[in-house]
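> Structure file protein-v3.cif, mmCIF, C-alpha atoms; chains and numbers go by the auth columns, is pasted below:
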```
data_final
#
loop_
_atom_site.group_PDB
_atom_site.id
_atom_site.type_symbol
_atom_site.label_atom_id
_atom_site.label_comp_id
_atom_site.label_asym_id
_atom_site.label_seq_id
_atom_site.Cartn_x
_atom_site.Cartn_y
_atom_site.Cartn_z
_atom_site.B_iso_or_equiv
_atom_site.auth_seq_id
_atom_site.auth_asym_id
ATOM 1 C CA MET A 1 -12.203 -4.478 -8.488 0.00 64 X
ATOM 2 C CA TYR A 2 -11.675 -4.808 -4.752 0.00 65 X
ATOM 3 C CA PHE A 3 -10.565 -2.058 -2.383 0.00 66 X
ATOM 4 C CA THR A 4 -9.290 -3.041 1.042 0.00 67 X
ATOM 5 C CA THR A 5 -6.921 -1.956 3.749 0.00 68 X
ATOM 6 C CA MET A 6 -3.883 -4.034 4.646 0.00 69 X
ATOM 7 C CA ASP A 7 -5.442 -4.842 8.023 0.00 70 X
ATOM 8 C CA THR A 8 -8.672 -6.114 6.437 0.00 71 X
ATOM 9 C CA LEU A 9 -6.726 -8.066 3.815 0.00 72 X
ATOM 10 C CA MET A 10 -4.731 -9.816 6.537 0.00 73 X
ATOM 11 C CA LYS A 11 -7.980 -10.840 8.245 0.00 74 X
ATOM 12 C CA LYS A 12 -9.387 -12.134 4.946 0.00 75 X
ATOM 13 C CA LEU A 13 -6.228 -14.076 4.095 0.00 76 X
ATOM 14 C CA LYS A 14 -6.425 -15.869 7.453 0.00 77 X
ATOM 15 C CA GLU A 15 -9.923 -17.157 6.635 0.00 78 X
ATOM 16 C CA PRO A 16 -10.501 -20.471 4.835 0.00 79 X
ATOM 17 C CA GLN A 17 -9.540 -20.253 1.140 0.00 80 X
ATOM 18 C CA SER A 18 -13.117 -20.458 -0.163 0.00 81 X
ATOM 19 C CA ARG A 19 -13.920 -17.145 1.555 0.00 82 X
ATOM 20 C CA ARG A 20 -10.880 -15.225 0.267 0.00 83 X
ATOM 21 C CA LYS A 21 -11.052 -16.335 -3.360 0.00 84 X
ATOM 22 C CA ALA A 22 -12.293 -12.959 -4.657 0.00 85 X
ATOM 23 C CA TYR A 23 -9.242 -11.189 -3.251 0.00 86 X
ATOM 24 C CA LEU A 24 -7.041 -13.540 -5.224 0.00 87 X
ATOM 25 C CA THR A 25 -8.915 -13.599 -8.526 0.00 88 X
ATOM 26 C CA SER A 26 -10.188 -10.031 -8.924 0.00 89 X
ATOM 27 C CA PRO A 27 -8.705 -8.250 -11.981 0.00 90 X
ATOM 28 C CA LEU A 28 -7.677 -5.352 -9.687 0.00 91 X
ATOM 29 C CA VAL A 29 -7.119 -5.265 -5.942 0.00 92 X
ATOM 30 C CA VAL A 30 -6.282 -1.975 -4.219 0.00 93 X
ATOM 31 C CA VAL A 31 -4.525 -2.468 -0.879 0.00 94 X
ATOM 32 C CA ASP A 32 -4.534 0.761 1.120 0.00 95 X
ATOM 33 C CA GLU A 33 -2.564 1.638 4.243 0.00 96 X
ATOM 34 C CA VAL A 34 0.351 -0.777 3.791 0.00 97 X
ATOM 35 C CA GLY A 35 2.700 0.105 6.627 0.00 98 X
ATOM 36 C CA TYR A 36 0.305 2.026 8.862 0.00 99 X
ATOM 37 C CA LEU A 37 -0.220 -0.859 11.293 0.00 100 X
ATOM 38 C CA PRO A 38 2.436 -3.380 12.309 0.00 101 X
ATOM 39 C CA ILE A 39 2.228 -6.915 10.958 0.00 102 X
ATOM 40 C CA ASP A 40 3.791 -10.068 12.340 0.00 103 X
ATOM 41 C CA THR A 41 5.956 -12.609 10.523 0.00 104 X
ATOM 42 C CA LYS A 42 3.018 -14.870 9.663 0.00 105 X
ATOM 43 C CA GLU A 43 1.154 -11.920 8.106 0.00 106 X
ATOM 44 C CA ALA A 44 4.270 -10.936 6.135 0.00 107 X
ATOM 45 C CA TYR A 45 4.359 -14.408 4.595 0.00 108 X
ATOM 46 C CA LEU A 46 0.604 -14.293 3.906 0.00 109 X
ATOM 47 C CA PHE A 47 1.086 -10.987 2.096 0.00 110 X
ATOM 48 C CA PHE A 48 3.980 -12.487 0.113 0.00 111 X
ATOM 49 C CA GLN A 49 1.762 -15.421 -0.900 0.00 112 X
ATOM 50 C CA PHE A 50 -1.001 -12.982 -1.900 0.00 113 X
ATOM 51 C CA VAL A 51 1.377 -10.898 -4.055 0.00 114 X
ATOM 52 C CA SER A 52 3.065 -13.983 -5.473 0.00 115 X
ATOM 53 C CA TYR A 53 -0.260 -15.591 -6.435 0.00 116 X
ATOM 54 C CA ARG A 54 -1.375 -12.437 -8.268 0.00 117 X
ATOM 55 C CA TYR A 55 2.044 -11.782 -9.869 0.00 118 X
ATOM 56 C CA GLU A 56 1.777 -11.516 -13.676 0.00 119 X
ATOM 57 C CA LYS A 57 -1.905 -12.567 -13.549 0.00 120 X
ATOM 58 C CA SER A 58 -3.782 -9.559 -12.169 0.00 121 X
ATOM 59 C CA SER A 59 -3.221 -5.931 -11.197 0.00 122 X
ATOM 60 C CA THR A 60 -2.489 -4.933 -7.627 0.00 123 X
ATOM 61 C CA LEU A 61 -2.326 -1.316 -6.490 0.00 124 X
ATOM 62 C CA ILE A 62 -0.610 -0.552 -3.189 0.00 125 X
ATOM 63 C CA THR A 63 -0.740 2.671 -1.176 0.00 126 X
ATOM 64 C CA SER A 64 1.759 3.231 1.619 0.00 127 X
ATOM 65 C CA ASN A 65 3.326 5.945 3.689 0.00 128 X
ATOM 66 C CA LYS A 66 6.580 3.945 3.736 0.00 129 X
ATOM 67 C CA SER A 67 9.400 4.184 1.226 0.00 130 X
ATOM 68 C CA PHE A 68 10.643 0.930 -0.269 0.00 131 X
ATOM 69 C CA GLY A 69 13.731 1.188 1.927 0.00 132 X
ATOM 70 C CA ASP A 70 11.486 0.935 4.998 0.00 133 X
ATOM 71 C CA TRP A 71 9.760 -2.270 3.877 0.00 134 X
ATOM 72 C CA GLN A 72 12.386 -4.474 5.539 0.00 135 X
ATOM 73 C CA GLU A 73 11.348 -3.039 8.896 0.00 136 X
ATOM 74 C CA LEU A 74 7.666 -3.322 7.974 0.00 137 X
ATOM 75 C CA PHE A 75 7.860 -7.005 6.998 0.00 138 X
ATOM 76 C CA GLY A 76 10.400 -7.975 9.640 0.00 139 X
ATOM 77 C CA GLU A 77 13.200 -9.235 7.428 0.00 140 X
ATOM 78 C CA GLN A 78 15.025 -8.297 4.258 0.00 141 X
ATOM 79 C CA VAL A 79 14.396 -11.560 2.387 0.00 142 X
ATOM 80 C CA ILE A 80 10.583 -11.362 2.515 0.00 143 X
ATOM 81 C CA ALA A 81 10.558 -7.603 1.843 0.00 144 X
ATOM 82 C CA THR A 82 12.824 -8.069 -1.188 0.00 145 X
ATOM 83 C CA ALA A 83 10.704 -10.938 -2.519 0.00 146 X
ATOM 84 C CA ILE A 84 7.511 -8.869 -2.206 0.00 147 X
ATOM 85 C CA LEU A 85 9.071 -5.786 -3.799 0.00 148 X
ATOM 86 C CA ASP A 86 10.613 -7.867 -6.586 0.00 149 X
ATOM 87 C CA ARG A 87 7.172 -9.065 -7.671 0.00 150 X
ATOM 88 C CA LEU A 88 5.405 -5.734 -7.135 0.00 151 X
ATOM 89 C CA LEU A 89 7.984 -3.611 -8.950 0.00 152 X
ATOM 90 C CA HIS A 90 8.706 -5.907 -11.914 0.00 153 X
ATOM 91 C CA HIS A 91 5.915 -4.595 -14.169 0.00 154 X
ATOM 92 C CA CYS A 92 4.835 -1.508 -12.258 0.00 155 X
ATOM 93 C CA ARG A 93 4.657 2.213 -12.439 0.00 156 X
ATOM 94 C CA VAL A 94 5.547 3.931 -9.158 0.00 157 X
ATOM 95 C CA ILE A 95 3.794 7.187 -8.369 0.00 158 X
ATOM 96 C CA ASN A 96 5.452 9.004 -5.478 0.00 159 X
ATOM 97 C CA ILE A 97 3.216 11.726 -4.076 0.00 160 X
ATOM 98 C CA LYS A 98 4.927 14.280 -1.876 0.00 161 X
ATOM 99 C CA GLY A 99 3.331 17.147 -0.066 0.00 162 X
ATOM 100 C CA HIS A 100 0.450 17.775 2.245 0.00 163 X
ATOM 101 C CA SER A 101 -2.426 15.384 2.789 0.00 164 X
ATOM 102 C CA TYR A 102 -5.381 15.801 0.451 0.00 165 X
ATOM 103 C CA ARG A 103 -7.708 14.994 3.343 0.00 166 X
ATOM 104 C CA LEU A 104 -6.350 17.915 5.356 0.00 167 X
ATOM 105 C CA ARG A 105 -6.568 20.496 2.574 0.00 168 X
ATOM 106 C CA GLY A 106 -8.021 23.755 3.789 0.00 169 X
ATOM 107 C CA HIS A 107 -7.035 23.112 7.420 0.00 170 X
ATOM 108 C CA THR A 108 -4.299 25.012 9.193 0.00 171 X
ATOM 109 C CA PHE A 109 -2.652 23.227 12.098 0.00 172 X
ATOM 110 C CA SER A 110 0.151 24.170 14.417 0.00 173 X
ATOM 111 C CA LYS A 111 2.960 21.698 14.965 0.00 174 X
ATOM 112 C CA SER A 112 1.905 21.425 18.614 0.00 175 X
ATOM 113 C CA ALA A 113 -1.506 20.106 17.542 0.00 176 X
ATOM 114 C CA PHE A 114 0.110 16.836 16.468 0.00 177 X
ATOM 115 C CA ALA A 115 2.529 16.657 19.393 0.00 178 X
ATOM 116 C CA THR A 116 -0.013 17.256 22.179 0.00 179 X
ATOM 117 C CA ALA A 117 -0.786 14.005 23.928 0.00 180 X
ATOM 118 C CA GLY A 118 -4.416 13.393 24.720 0.00 181 X
ATOM 119 C CA SER A 119 -5.609 16.082 22.325 0.00 182 X
ATOM 120 C CA SER A 120 -9.242 15.566 21.450 0.00 183 X
ATOM 121 C CA GLY A 121 -8.990 17.209 18.053 0.00 184 X
ATOM 122 C CA PRO A 122 -7.076 19.544 15.765 0.00 185 X
ATOM 123 C CA VAL A 123 -5.813 22.814 17.174 0.00 186 X
ATOM 124 C CA ALA A 124 -5.654 25.987 15.098 0.00 187 X
ATOM 125 C CA GLU A 125 -2.465 28.024 14.941 0.00 188 X
ATOM 126 C CA ASP A 126 -3.880 30.401 17.562 0.00 189 X
ATOM 127 C CA GLY A 127 -4.068 27.457 19.987 0.00 190 X
ATOM 128 C CA LYS A 128 -7.848 27.143 19.981 0.00 191 X
ATOM 129 C CA LYS A 129 -9.530 23.865 19.139 0.00 192 X
ATOM 130 C CA GLU A 130 -11.072 23.771 15.686 0.00 193 X
ATOM 131 C CA LEU A 131 -14.577 22.503 15.202 0.00 194 X
ATOM 132 C CA GLN A 132 -15.006 19.732 12.674 0.00 195 X
#
```
Using the file provided, produce a representation of the structure as structure tokens.


Amino acid sequence: MYFTTMDTLMKKLKEPQSRRKAYLTSPLVVVDEVGYLPIDTKEAYLFFQFVSYRYEKSSTLITSNKSFGDWQELFGEQVIATAILDRLLHHCRVINIKGHSYRLRGHTFSKSAFATAGSSGPVAEDGKKELQ
């Protein structure tokens, strides 16, 4: 099993083939953070080739904060987004998790904490900075 972020996967896929072989042949690859950072057209096609190579051979788990409807914007064009989704969704089980972040459980934040530019950390509802 391999766990990677989309950004790291893109870097690996740009390396010579002999160095990325494990990402292609592993029985399970988990790709985290799909959609968090922008990708260019070349990277979209690399990701398509990655998904296409693994299609019906090995398991691939994707985590994303984007709905499938937003993947056209993520990958830059409808054709490549549709081709990727076609292969990913053919034999899959989609788990849609809604709600608050697990990582932020137990923290209380005001809406202004996320809107304040240049904030050096989370702000409690009383406006004071929380210690981490």

> Excluding X:Ser122 and any residue of its chain fewer than 5 positions from it, enumerate the residues within 7 Å of it, using only C-alpha atoms, and give them as a list in words.

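Using only C-alpha atoms, the neighbours found are Pro90, Leu91 and Val92 of chain X.
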
> For atom CA of X:Thr126 and atom CA of X:Glu78, quote the distance in Å rounded to one decimal.

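According to the coordinates, atom CA of X:Thr126 and atom CA of X:Glu78 are separated by 23.2 Å.
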
> I'd like the neighbourhood of X:Phe131 as a PyMOL selection string, where a residue qualifies if any of its atoms comes within 9 Å (using only C-alpha atoms), though same-chain residues fewer than 3 positions away should be ignored.

chain X and resi 134-135+144+148

> For X:Ala85, work out the shell of residues within 12 Å, counting all atoms listed in the file and skipping chain neighbours fewer than 6 positions away, then give it as a PyMOL selection string.

chain X and resi 64-67+72+75-76+91-92+113+117+121

> Quick one: of X:Thr104, X:Asn128, X:Leu137, X:Val114, who's nearest to X:Lys161, counting all atoms listed in the file?

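Selected residue with least distance to X:Lys161: X:Asn128.
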